[in-house]
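In what follows, a single structure is set out as structure tokens and then discussed.
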Amino acid sequence: MFPRAPVSLCSRASQHGGEEAFVIDDEAGAPLGPVAGIDGFLLGCLVDAVTGMVVASRSDHDDINLPAAAAAAMDIAQALSLLATELPTDGLEDVLVTFRDQLYVTRLINTDAEPQLLLVVLLDRGQANLAMARREVRAFCAGYAG
Amino acid sequence: MSDTPRPARARRLTAPVMPGRDTDYRDPAAARLHKIAAERRTGRLPFAGSDGGAIYVQDGKVVYAESRRTPGPGATAALARSATGEQAGIPPGYPLLQARSVTEILAVAEPTVDAALELMSGESRPSRFRPASGPAAGRAPGISVAALLAEVARRQRLLGQMATVLTADTAIVRSPHLPHRSIRVSARQWALLIRVQDGSTPRDLAWALSRSVFSMTAEVYRLLTMRLVAVDHGPRRKTEPDEAPARLAALSFIRAVSVEKGDTMPLRTPGAGSGIDR
């Protein structure tokens with residue numbers, strides 16, 4: 001289990017679009033600290049899977065558009081969830097998107113518990129190993145304690 | 001002749017004496033909050049009217065908001081506290097101060113943003129800011145005014161996408177004919193579905209489930225796209241069971257944040273952005 005750390009509310013200005021992402025973040029880097037240790041880490045955030053509100057984020061790069069990354073994850077997860085209702089599957093687990101220079105991993109935390117959160121992780125494709133990253137994201141979500 | 005548009009020139013000329021953003025002057029509540037934040041004040045900004053409420057601020061940051069038309073954080077915060085084994089009470093007016101985990105903070109932050117959305121979108125207007133002393137001890141984490149207004153604006157854009165079909169006060173019914181033999185829904189969607197009665201609205205369901213009105217509206221819209229519920233058009237339309245409901249477009253979250261810099265959406269979209277039928 002990952003330790004539960006004190007967190008505080010703060011805001012982080014996005015350099016894109018002039019919008020501030022509404023985030024609950026902790027000053028020491030937890031609770032997304034374990035995710036930040038993944039090779040090639042660029043951005044990690046927790047998004048409320050119902051409202052799309054960013055509730056925690058951690059980024060090593062200020063030039064990444066956090067609101068857009070979170071919103072895109074919501075749209076992708078929502079579209080695939082709708083697809084899942086049409087197919088004989090047992091629900092969405094995670095989504096892996098490969099860009100030429102980045103990897104984009106989205107995974108649903110707390111499938112049936114409240115609140116439902118999406119973990120979104122952006123990685124530098126040149127430094128990251130997709131299989132290892134997915135394994136670490138899965139471990140984080142399994143041990144996530146709110 | 002200057003290439004700069006006249007409103008931009010006017011804004012530049014008045015900036016030294018009228019600090020804030022362009023939208024502030026279309027929205028007095030936003031202007032008031034920006035001023036309170038700039039002066040790092042502590043107290044309560046009441047909103048007058050039958051659907052009013054208040055936004056609580058400490059050191060220029062929003063720590064709590066309440067509206068008469070949205071469920072408060074009481075129930076969800078209590079659930080979060082009991083889930084973490086905490087027995088200590090939350091000081092009224094400043095519940096964010098005691099929160100420690102993401103789940104706990106979200107349990108208070110979500111109703112706070114929901115109330116702010118209602119106050120900023122409705123007809124109520126802010127009245128005089130009343131200074132008040134802050135909590136006796138402890139550091140006060142809070143939501144910056146800019147972040148809160150950005151989140152409110154994002155939600156207003158999403159409500160605008162839904163408004164042609166659904167608002168928080170649109171009556172819905174369960175679909176009599178399921179489109180699939182089996183369908184998977186989340187626990188929250190199931191809890192919502194079993195409480196839908198003829199004429200229920202997303203706001204009714206939010207109060208019944210102690211959830212935010214915005215989250216219930218978004219969730220009901222998803223159920224509409226899955227054709228598990230339908231908008232209640234009254235008895236005349238209910239006599240047409242074979243009528244195939246139209247397939248709705250899914251909500252676009254990326255469209256709600258991809259507004260270019262300076263292209264601010266109106267904070268008060270009459271009838272639509274507010275999610276309120278008037």
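Following the order of the structure tokens, first chain is A, next is B, and so on, with residues numbered from 1 inside each chain and ligands from 1 in the order they appear.
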
#### Entry: Counting only C-alpha atoms, chain B residues within 8 Å of chain A, as a ChimeraX atom specification
/B:100-103,105-106,141-144,146-148,150-151,180,183-184,186-188,214-215,218-219,226,250-254,257-262

Keeping C-alpha atoms for every residue in the selection just given, could you write it to a file as a PDB file, in the first residue's frame?
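Final output, saved to selection.pdb:
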```pdb
ATOM      1  CA  ARG B 100      -6.108  15.204   4.683  1.00  0.00           C
ATOM      2  CA  SER B 101      -6.464  12.761   1.787  1.00  0.00           C
ATOM      3  CA  VAL B 102      -7.511  13.247  -1.812  1.00  0.00           C
ATOM      4  CA  THR B 103     -10.765  11.436  -1.083  1.00  0.00           C
ATOM      5  CA  ILE B 105     -10.677  16.840   0.155  1.00  0.00           C
ATOM      6  CA  LEU B 106     -12.661  15.813  -2.902  1.00  0.00           C
ATOM      7  CA  PRO B 141      -5.387  25.128   2.274  1.00  0.00           C
ATOM      8  CA  GLY B 142      -7.778  26.656  -0.180  1.00  0.00           C
ATOM      9  CA  ILE B 143      -8.739  26.879  -3.799  1.00  0.00           C
ATOM     10  CA  SER B 144      -7.323  29.874  -5.603  1.00  0.00           C
ATOM     11  CA  ALA B 146      -8.522  31.787 -10.548  1.00  0.00           C
ATOM     12  CA  ALA B 147      -8.593  27.990 -10.342  1.00  0.00           C
ATOM     13  CA  LEU B 148     -12.144  27.949  -9.014  1.00  0.00           C
ATOM     14  CA  ALA B 150     -11.587  28.180 -14.398  1.00  0.00           C
ATOM     15  CA  GLU B 151     -13.277  25.037 -13.105  1.00  0.00           C
ATOM     16  CA  HIS B 180     -29.262  -4.394 -24.952  1.00  0.00           C
ATOM     17  CA  ILE B 183     -25.405  -3.718 -20.066  1.00  0.00           C
ATOM     18  CA  ARG B 184     -22.660  -2.750 -17.652  1.00  0.00           C
ATOM     19  CA  SER B 186     -20.962   1.702 -12.632  1.00  0.00           C
ATOM     20  CA  ALA B 187     -22.082   1.487  -9.005  1.00  0.00           C
ATOM     21  CA  ARG B 188     -22.921   5.185  -9.064  1.00  0.00           C
ATOM     22  CA  PHE B 214     -23.152  18.806 -11.782  1.00  0.00           C
ATOM     23  CA  SER B 215     -21.930  15.216 -11.394  1.00  0.00           C
ATOM     24  CA  ALA B 218     -23.263  14.560 -16.314  1.00  0.00           C
ATOM     25  CA  GLU B 219     -24.066  11.035 -15.180  1.00  0.00           C
ATOM     26  CA  MET B 226     -26.714   4.725 -23.286  1.00  0.00           C
ATOM     27  CA  ALA B 250     -21.110  12.115 -26.026  1.00  0.00           C
ATOM     28  CA  LEU B 251     -19.852  14.963 -23.864  1.00  0.00           C
ATOM     29  CA  SER B 252     -16.572  16.414 -25.075  1.00  0.00           C
ATOM     30  CA  PHE B 253     -14.306  17.332 -22.177  1.00  0.00           C
ATOM     31  CA  ILE B 254     -11.497  18.400 -24.494  1.00  0.00           C
ATOM     32  CA  VAL B 257     -10.973  23.189 -22.058  1.00  0.00           C
ATOM     33  CA  SER B 258      -9.657  23.970 -25.519  1.00  0.00           C
ATOM     34  CA  VAL B 259     -10.753  27.581 -25.501  1.00  0.00           C
ATOM     35  CA  GLU B 260      -7.973  29.714 -26.861  1.00  0.00           C
ATOM     36  CA  LYS B 261      -6.296  32.233 -24.659  1.00  0.00           C
ATOM     37  CA  GLY B 262      -8.415  35.348 -24.444  1.00  0.00           C
TER      38      GLY B 262
END
```

### Task
Kindly indicate which residue among B:Gly53, B:Gln58, B:Ala249, B:Ala31 lies nearest to Thr164 of chain B, using only C-alpha atoms for the distances.
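The shortest atom-to-atom distance to Thr164 of chain B comes from B:Ala249.
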
#### Entry: Neighbour list for Ala128 of chain A as a ChimeraX atom specification, cut-off 8 Å, only C-alpha atoms, skip fewer than 5 positions in-chain
/A:38-41,103,123,133
